[in-house]
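Asks: One structure follows; several queries about it will come next.
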Amino acid sequence: MFSDIARFLLDIVFTLFGAALILRAWMHAVRLHPLNPVARGVQQASNWLILPLRKVIPATGAIDWTSLVALWLAALVYLVLAWLIGAGALVPPALLPSFAAGALLMAAKWTLDLIVWMTLAQAVLSWVNPLSPLMPILHTLTRPLLDPIRQILPRMGTVDFSPLLLLVIAQVLLMVLTRVGYGLLGI
């Protein structure tokens, strides 16, 4: 029972921190204003790791490499801690390359999960409270993903089916990542 509780808490903490790192890189890519309250919250939650890393890996251009490396490191630490909880032993050195690849898969999984949650939040808020202060932020963050779908998908009157198609694509990719992850590490 203790290992189940520890694994549950580990999942929550690292998934939320991974989401913050993904959002930080994403907000950098879409040029979300740094004084935005959401951006400031994400920065405050992740500065403890990003600021020391930024001395070694600068954020240049449209890609915040510092946040992406921090995301990979967080996923790697998550996998090692999950192994410690599950196996009760240190990771064998022979498995370290698999863990490095597994950390990339875990980072991709966290990214797809975040896409699903942001798309769902935007869709629900568009029905319930389209004037919510979160709508412009969600619109800015999801627009790069939804616009290509909107160009391909015909519009049915006033109903926009692009969020639904994005959710389907993200879920299919999550299934593929899950299958690859089980084959690689059993994660």
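Labels for the structure tokens follow display order: chains A, B, ..., residues from 1 in each chain, ligands from 1.
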Among chain A, which ones does DSSP assign to alpha helix (DSSP H) (computed from the backbone)? Answer as number ranges by chain.
Replies: A: 2-29, 37-54, 65-87, 96-128, 134-152, 162-184
Asks: Since we have the selection now, will you write its residues out, keeping C-alpha atoms, as a compact mmCIF listing (two decimals), in the first residue's frame?
Replies:
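Now in out.txt:
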# COMPACT_ATOMS: atom_id res chain seq x y z
CA PHE A 2 2.85 2.41 0.82
CA SER A 3 4.39 1.98 -2.62
CA ASP A 4 1.01 2.68 -4.30
CA ILE A 5 0.59 5.90 -2.32
CA ALA A 6 4.18 6.95 -2.98
CA ARG A 7 3.80 6.24 -6.71
CA PHE A 8 0.52 8.20 -6.81
CA LEU A 9 2.10 11.23 -5.10
CA LEU A 10 5.17 10.97 -7.32
CA ASP A 11 2.94 10.94 -10.42
CA ILE A 12 1.07 14.04 -9.28
CA VAL A 13 4.14 16.07 -8.35
CA PHE A 14 6.15 15.24 -11.46
CA THR A 15 3.22 15.55 -13.86
CA LEU A 16 2.42 19.03 -12.54
CA PHE A 17 6.07 20.09 -12.60
CA GLY A 18 6.48 18.62 -16.09
CA ALA A 19 3.40 20.58 -17.20
CA ALA A 20 4.95 23.76 -15.82
CA LEU A 21 8.16 23.14 -17.76
CA ILE A 22 6.24 22.37 -20.95
CA LEU A 23 4.13 25.50 -20.51
CA ARG A 24 7.27 27.55 -19.96
CA ALA A 25 8.79 26.34 -23.23
CA TRP A 26 5.45 26.67 -25.03
CA MET A 27 4.83 30.20 -23.76
CA HIS A 28 8.32 31.15 -24.94
CA ALA A 29 7.57 29.73 -28.40
CA PRO A 37 -0.25 36.04 -14.43
CA VAL A 38 -0.15 32.48 -15.79
CA ALA A 39 3.33 33.02 -17.22
CA ARG A 40 4.53 34.48 -13.93
CA GLY A 41 3.11 31.53 -11.98
CA VAL A 42 4.78 29.03 -14.29
CA GLN A 43 8.06 30.91 -14.03
CA GLN A 44 7.91 31.01 -10.24
CA ALA A 45 7.16 27.28 -10.08
CA SER A 46 10.10 26.37 -12.32
CA ASN A 47 12.75 29.05 -11.70
CA TRP A 48 14.53 26.95 -9.08
CA LEU A 49 15.60 24.55 -11.85
CA ILE A 50 15.61 26.79 -14.92
CA LEU A 51 17.76 29.65 -13.64
CA PRO A 52 20.81 27.48 -12.78
CA LEU A 53 20.44 25.55 -16.06
CA ARG A 54 20.13 28.77 -18.04
CA TRP A 65 16.14 24.65 -24.79
CA THR A 66 16.64 25.21 -21.08
CA SER A 67 13.04 24.30 -20.29
CA LEU A 68 13.14 21.30 -22.62
CA VAL A 69 16.34 19.93 -21.06
CA ALA A 70 14.84 20.55 -17.61
CA LEU A 71 11.74 18.64 -18.73
CA TRP A 72 13.87 15.70 -19.84
CA LEU A 73 15.80 15.78 -16.54
CA ALA A 74 12.56 15.87 -14.55
CA ALA A 75 11.24 12.89 -16.52
CA LEU A 76 14.49 11.01 -15.92
CA VAL A 77 14.35 11.69 -12.17
CA TYR A 78 10.71 10.60 -12.18
CA LEU A 79 11.57 7.28 -13.85
CA VAL A 80 14.46 6.63 -11.47
CA LEU A 81 12.31 7.39 -8.42
CA ALA A 82 9.47 5.24 -9.79
CA TRP A 83 11.98 2.40 -10.23
CA LEU A 84 13.21 2.88 -6.66
CA ILE A 85 9.66 2.74 -5.32
CA GLY A 86 8.65 -0.22 -7.47
CA ALA A 87 11.81 -2.33 -7.33
CA LEU A 96 20.39 3.79 -18.03
CA PRO A 97 20.22 4.20 -21.85
CA SER A 98 16.67 2.83 -21.76
CA PHE A 99 15.82 5.25 -18.98
CA ALA A 100 17.20 8.16 -21.03
CA ALA A 101 14.97 7.17 -23.96
CA GLY A 102 12.08 6.52 -21.57
CA ALA A 103 12.49 10.07 -20.22
CA LEU A 104 11.93 11.41 -23.75
CA LEU A 105 8.77 9.31 -24.03
CA MET A 106 7.57 10.49 -20.62
CA ALA A 107 8.16 14.13 -21.61
CA ALA A 108 6.17 13.52 -24.81
CA LYS A 109 3.38 11.89 -22.77
CA TRP A 110 3.23 14.85 -20.40
CA THR A 111 3.10 17.18 -23.42
CA LEU A 112 0.22 15.29 -25.01
CA ASP A 113 -1.61 15.18 -21.68
CA LEU A 114 -1.23 18.95 -21.39
CA ILE A 115 -2.54 19.42 -24.93
CA VAL A 116 -5.59 17.32 -24.05
CA TRP A 117 -6.30 19.27 -20.85
CA MET A 118 -5.81 22.69 -22.45
CA THR A 119 -8.00 21.79 -25.41
CA LEU A 120 -10.72 20.44 -23.12
CA ALA A 121 -10.53 23.52 -20.90
CA GLN A 122 -10.80 25.80 -23.91
CA ALA A 123 -13.76 23.87 -25.34
CA VAL A 124 -15.65 23.81 -22.03
CA LEU A 125 -14.93 27.47 -21.31
CA SER A 126 -16.09 28.42 -24.82
CA TRP A 127 -19.50 26.93 -23.95
CA VAL A 128 -19.76 27.93 -20.30
CA LEU A 134 -8.25 32.28 -19.29
CA MET A 135 -9.70 32.15 -22.81
CA PRO A 136 -7.15 34.48 -24.45
CA ILE A 137 -4.29 32.51 -22.89
CA LEU A 138 -5.74 29.15 -23.91
CA HIS A 139 -6.48 30.51 -27.38
CA THR A 140 -2.89 31.75 -27.74
CA LEU A 141 -1.46 28.43 -26.58
CA THR A 142 -3.71 26.14 -28.64
CA ARG A 143 -3.87 28.24 -31.81
CA PRO A 144 -0.63 26.80 -33.31
CA LEU A 145 -2.14 23.32 -32.96
CA LEU A 146 -5.70 24.09 -34.01
CA ASP A 147 -5.05 26.42 -36.98
CA PRO A 148 -3.57 23.71 -39.27
CA ILE A 149 -6.54 21.46 -38.46
CA ARG A 150 -8.97 24.31 -39.16
CA GLN A 151 -7.43 24.80 -42.60
CA ILE A 152 -8.01 21.14 -43.48
CA SER A 162 -10.95 21.16 -34.76
CA PRO A 163 -10.63 20.74 -30.94
CA LEU A 164 -12.35 17.35 -31.20
CA LEU A 165 -9.97 16.23 -33.95
CA LEU A 166 -6.98 17.50 -31.94
CA LEU A 167 -8.18 15.47 -28.94
CA VAL A 168 -8.49 12.35 -31.10
CA ILE A 169 -5.00 12.85 -32.55
CA ALA A 170 -3.50 13.43 -29.10
CA GLN A 171 -5.22 10.32 -27.69
CA VAL A 172 -3.98 8.16 -30.59
CA LEU A 173 -0.44 9.47 -30.06
CA LEU A 174 -0.75 8.73 -26.33
CA MET A 175 -1.73 5.14 -27.17
CA VAL A 176 1.30 4.81 -29.43
CA LEU A 177 3.61 6.27 -26.77
CA THR A 178 2.14 3.95 -24.16
CA ARG A 179 2.81 0.92 -26.36
CA VAL A 180 6.37 2.07 -27.11
CA GLY A 181 6.95 2.85 -23.42
CA TYR A 182 5.81 -0.61 -22.33
CA GLY A 183 8.11 -2.15 -24.88
CA LEU A 184 11.06 -0.04 -23.75
Asks: Which value, in Å to one decimal, gives the distance between atom CA of A:His33 and atom CA of A:Ser132?
Replies: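 Separating atom CA of A:His33 from atom CA of A:Ser132 is a distance of 17.9 Å.
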Asks: DSSP on the backbone, then: every residue of stretch 5-174 of chain A marked strand (DSSP E or B), written as a PyMOL selection string.
Replies: chain A and resi 60+63+156+159
